[in-house]
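Student: Quick one: structure below, then a few questions.
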Number of protein chains: 2
Amino acid sequence: MPTQIQQEFILHFGEMGSRWGINRTVGQIYALLFLSDRPLCADDIVEALGVSRSNVSMGLKELQAWNLVRLRHQQGDRRDYFSTPEDMWEIVRTLIAERKKREIDPTLTKLRELEMQTPEDTDSYAQARMAELRELIEAMTGFYDEMNRLETERLVALLKMGSKLTKIAGGAAKVLPLRKTKA
Amino acid sequence: MPTQIQQEFILHFGEMGSRWGINRTVGQIYALLFLSDRPLCADDIVEALGVSRSNVSMGLKELQAWNLVRLRHQQGDRRDYFSTPEDMWEIVRTLIAERKKREIDPTLTKLRELEMQTPEDTDSYAQARMAELRELIEAMTGFYDEMNRLETERLVALLKMGSKLTKIAGGAAKVLPLRKTKA
DNA sequence: CATTAGTTTCAGAAATTTCTGAAACGCGCG
DNA sequence: CGCGCGTTTCAGAAATTTCTGAAACTAATG
């Protein structure tokens with residue numbers, strides 16, 4: 001049974017759910033698991049949140065599709081227990097990976113597809129715009145792939161360096177502009 | 001009147017809209033403006049997309065709230081014309097800024113708020129989890145703020161460096177671990 | 001100041017998403 | 001097998017979001 005503060009956190013996650021592309025119940029389930037120091041089974045969740053059993057089942061299925069929860073089993077109990085990873089950075093990685101998969105990759109695929117269909121000599125503004133968008137997405141996802149390969153320690157180190165990185169980038173700037181600038 | 005390819009792009013943006021947290025019409029309007037080499041007025045959009053005038057009006061309002069379109073005026077015409085920025089990186093910056101504002105900032109605020117309310121001596125797992133989440137969000141938004149200050153040239157330079165940055169981070173790693181590791 | 005060209009608001013219709021209870025399903029065990 | 005315990009599916013109910021046409025509003029113009 002969550003405390004007052006915990007309840008508020010859970011309700012907040014529920015409300016934010018829609019902005020994050022998940023529904024209220026899924027948000028609440030995630031928050032509950034996130035705060036819990038032990039894995040919970042579906043009935044624990046039903047009790048804590050006061051929603052229907054089937055709703056919890058669907059919510060858990062969705063969280064599994066997002067790779068956001070781990071399925072655990074307890075000795076001599078055949079119920080499924082769920083928990084979130086201890087390591088917060090792992091959660092962030094998963095979140096980014098999944099959102100990229102759902103929100104970026106389909107568009108990149110579509111842009112490439114459309115480019116294939118396009119007659120060689122087409123040369124409209126729209127065509128150029130789409131090509132530029134594709135290039136930008138490729139540049140960003142390429143960068144993402146490389147960062148994703150790094151261990152967490154190095155990633156956090158980079159993060160902490162912050163704008164000190166500017167100095168390093170300083171020399172390179174203007175040498176490889178991605179595209180023409182205004183003037 | 002958009003070509004076949006352009007239509008497909010527009011429809012794709014419409015479909016993706018829900019995943020991106022905007023609705024179909026807003027997605028389509030944005031795609032249309034993005035591809036157009038000149039600013040369009042509401043009626044141009046109504047004609048191109050075949051949706052109601054009021055729907056377009058609401059969609060444009062929403063895009064303005066997202067700072068994703070610019071309002072233009074033509075000489076001797078009192079209609080409002082809309083366009084998207086030429087510079088794709090500006091678009092990306094806006095997108096990131098707005099999503100942060102809608103999806104991250106409210107949670108950070110809430111976490112701080114809850115922390116204020118928490119009795120000094122509370123020491124549950126949930127409490128620690130929330131504090132850790134707050135710290136992580138602070139670290140990431142801090143990094144974001146610094147990156148956001150850089151001009152596009154330097155940002156792109158960093159992007160292109162990709163995993164070469166690892167070497168730089170190499171020395172720092174393990175010196176400032178954000179948190180204890182597993183073992 | 002009435003007209004006209006344009007935009008915005010709004011109440012309800014339409015569509016979509018979420019949630020529920022009931023039924024179906026799966027599986028280990030005696 | 002058939003019972004008990006647990007999970008999943010599903011059709012429809014409930015809630016929410018999106019879309020529309022009509023009315024209200026705004027401001028330049030003759």
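Ligands are numbered from 1 in the order shown, chains are lettered A, B, ... in the order of the structure tokens, and residues start at 1 in each chain.
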Would you list which chain A residues are within 8 Å of chain C using only C-alpha atoms (C1' of nucleotides), as a PyMOL selection string?
Tutor: chain A and resi 23+52+54-55
Student: Using only C-alpha atoms, which residues of chain B come within 8 Å of chain A, and what is the closest atom pair for each, with the distance in Å to one decimal? Give it as a Markdown table, sorted by chain and residue number.
Tutor:
| residue | atom | partner | partner_atom | distance |
| --- | --- | --- | --- | --- |
| B:Ile5 | CA | A:Leu114 | CA | 6.4 |
| B:Gln6 | CA | A:Ala126 | CA | 7.3 |
| B:Phe9 | CA | A:Leu111 | CA | 7.7 |
| B:His12 | CA | A:Thr107 | CA | 7.6 |
| B:Met16 | CA | A:Glu103 | CA | 7.3 |
| B:Arg19 | CA | A:Gly21 | CA | 6.3 |
| B:Trp20 | CA | A:Glu103 | CA | 6.7 |
| B:Gly21 | CA | A:Arg19 | CA | 6.4 |
| B:Phe34 | CA | A:Arg129 | CA | 7.6 |
| B:Leu35 | CA | A:Ala126 | CA | 4.5 |
| B:Ser36 | CA | A:Ala126 | CA | 6.4 |
| B:Asp37 | CA | A:Tyr125 | CA | 6.0 |
| B:Met88 | CA | A:Leu133 | CA | 7.3 |
| B:Arg102 | CA | A:Arg19 | CA | 7.4 |
| B:Glu103 | CA | A:Arg19 | CA | 6.3 |
| B:Thr107 | CA | A:His12 | CA | 7.7 |
| B:Lys110 | CA | A:Phe9 | CA | 7.8 |
| B:Leu111 | CA | A:Phe9 | CA | 7.7 |
| B:Leu114 | CA | A:Ile5 | CA | 6.4 |
| B:Gln117 | CA | A:Ile5 | CA | 7.9 |
| B:Thr118 | CA | A:Ile5 | CA | 7.4 |
| B:Tyr125 | CA | A:Asp37 | CA | 6.0 |
| B:Ala126 | CA | A:Leu35 | CA | 4.5 |
| B:Gln127 | CA | A:Leu35 | CA | 7.9 |
| B:Arg129 | CA | A:Leu35 | CA | 6.3 |
| B:Met130 | CA | A:Leu35 | CA | 7.6 |
| B:Glu132 | CA | A:Met88 | CA | 8.0 |
| B:Leu133 | CA | A:Met88 | CA | 7.4 |
| B:Leu136 | CA | A:Met88 | CA | 7.9 |
| B:Ala139 | CA | A:Leu159 | CA | 7.6 |
| B:Met140 | CA | A:Leu159 | CA | 7.4 |
| B:Phe143 | CA | A:Gly162 | CA | 5.5 |
| B:Glu146 | CA | A:Ser163 | CA | 5.5 |
| B:Met147 | CA | A:Ser163 | CA | 6.4 |
| B:Leu150 | CA | A:Thr166 | CA | 7.6 |
| B:Glu153 | CA | A:Ala173 | CA | 5.6 |
| B:Arg154 | CA | A:Ala173 | CA | 5.2 |
| B:Leu155 | CA | A:Ala169 | CA | 7.7 |
| B:Val156 | CA | A:Leu178 | CA | 7.1 |
| B:Ala157 | CA | A:Ala173 | CA | 5.6 |
| B:Leu158 | CA | A:Ala169 | CA | 5.5 |
| B:Leu159 | CA | A:Phe143 | CA | 6.1 |
| B:Lys160 | CA | A:Phe143 | CA | 7.4 |
| B:Gly162 | CA | A:Phe143 | CA | 5.5 |
| B:Ser163 | CA | A:Glu146 | CA | 5.5 |
| B:Leu165 | CA | A:Leu158 | CA | 7.8 |
| B:Thr166 | CA | A:Arg154 | CA | 6.8 |
| B:Ala169 | CA | A:Leu158 | CA | 5.5 |
| B:Gly170 | CA | A:Arg154 | CA | 6.4 |
| B:Ala172 | CA | A:Ala157 | CA | 6.0 |
| B:Ala173 | CA | A:Arg154 | CA | 5.2 |
| B:Lys174 | CA | A:Glu153 | CA | 6.3 |
| B:Leu176 | CA | A:Ala157 | CA | 7.0 |
| B:Pro177 | CA | A:Glu153 | CA | 6.5 |
| B:Leu178 | CA | A:Val156 | CA | 7.2 |
Student: Rounded to one decimal, what separation in Å do you get between C1' of DA28 in chain D and CA of Arg79 in chain B?
Tutor: 11.9 Å
Student: Enumerate as a PyMOL selection string the residues belonging to chain A that approach chain D to within 12 Å, with only C-alpha atoms (C1' of nucleotides) taken into account.
Tutor: chain A and resi 18+23-24+41-43+53-61+77-80
Student: Can you tell me how far CA of Lys101 in chain A sits from CA of Leu63 in chain B, in Å to one decimal?
Tutor: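 Between these atoms lies a distance of 24.2 Å.
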Student: For Gln64 in chain A, find every residue with an atom within 12 Å (counting only C-alpha atoms (C1' of nucleotides)), except residues of its own chain fewer than 5 positions away, and show them as a PyMOL selection string.
Tutor: chain A and resi 26+29-30+57-59+69-71+82-84+94+98
Student: If you run DSSP on the backbone, which residues of range 13-117 of chain A are alpha helix (DSSP H), as JSON, numbers by chain?
Tutor: {"A": [13, 14, 15, 16, 17, 18, 19, 20, 24, 25, 26, 27, 28, 29, 30, 31, 32, 33, 34, 35, 42, 43, 44, 45, 46, 47, 48, 49, 53, 54, 55, 56, 57, 58, 59, 60, 61, 62, 63, 64, 65, 88, 89, 90, 91, 92, 93, 94, 95, 96, 97, 98, 99, 105, 106, 107, 108, 109, 110, 111, 112, 113, 114, 115, 116, 117]}
Student: Any idea what the distance is between CA of Met116 in chain B and CA of Pro39 in chain A?
Tutor: 27.8 Å
Student: When DSSP is applied to the backbone of this structure, which of range 1-180 of chain B are assigned strand (DSSP E or B)? Write them out as JSON, numbers by chain.
Tutor: {"B": [40, 41, 70, 71, 72, 81, 82, 83]}
Student: Keeping only C-alpha atoms, write the selected residues as a compact mmCIF listing (two decimals), in the first residue's frame.
Tutor:
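Final output, saved to again_8.txt:
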# COMPACT_ATOMS: atom_id res chain seq x y z
CA LEU B 40 0.14 28.67 -47.54
CA CYS B 41 -3.06 30.14 -46.21
CA ARG B 70 5.85 30.85 -38.82
CA LEU B 71 3.11 33.30 -39.55
CA ARG B 72 3.70 35.38 -42.69
CA TYR B 81 0.05 32.61 -44.47
CA PHE B 82 2.06 29.90 -42.78
CA SER B 83 5.40 28.26 -43.45
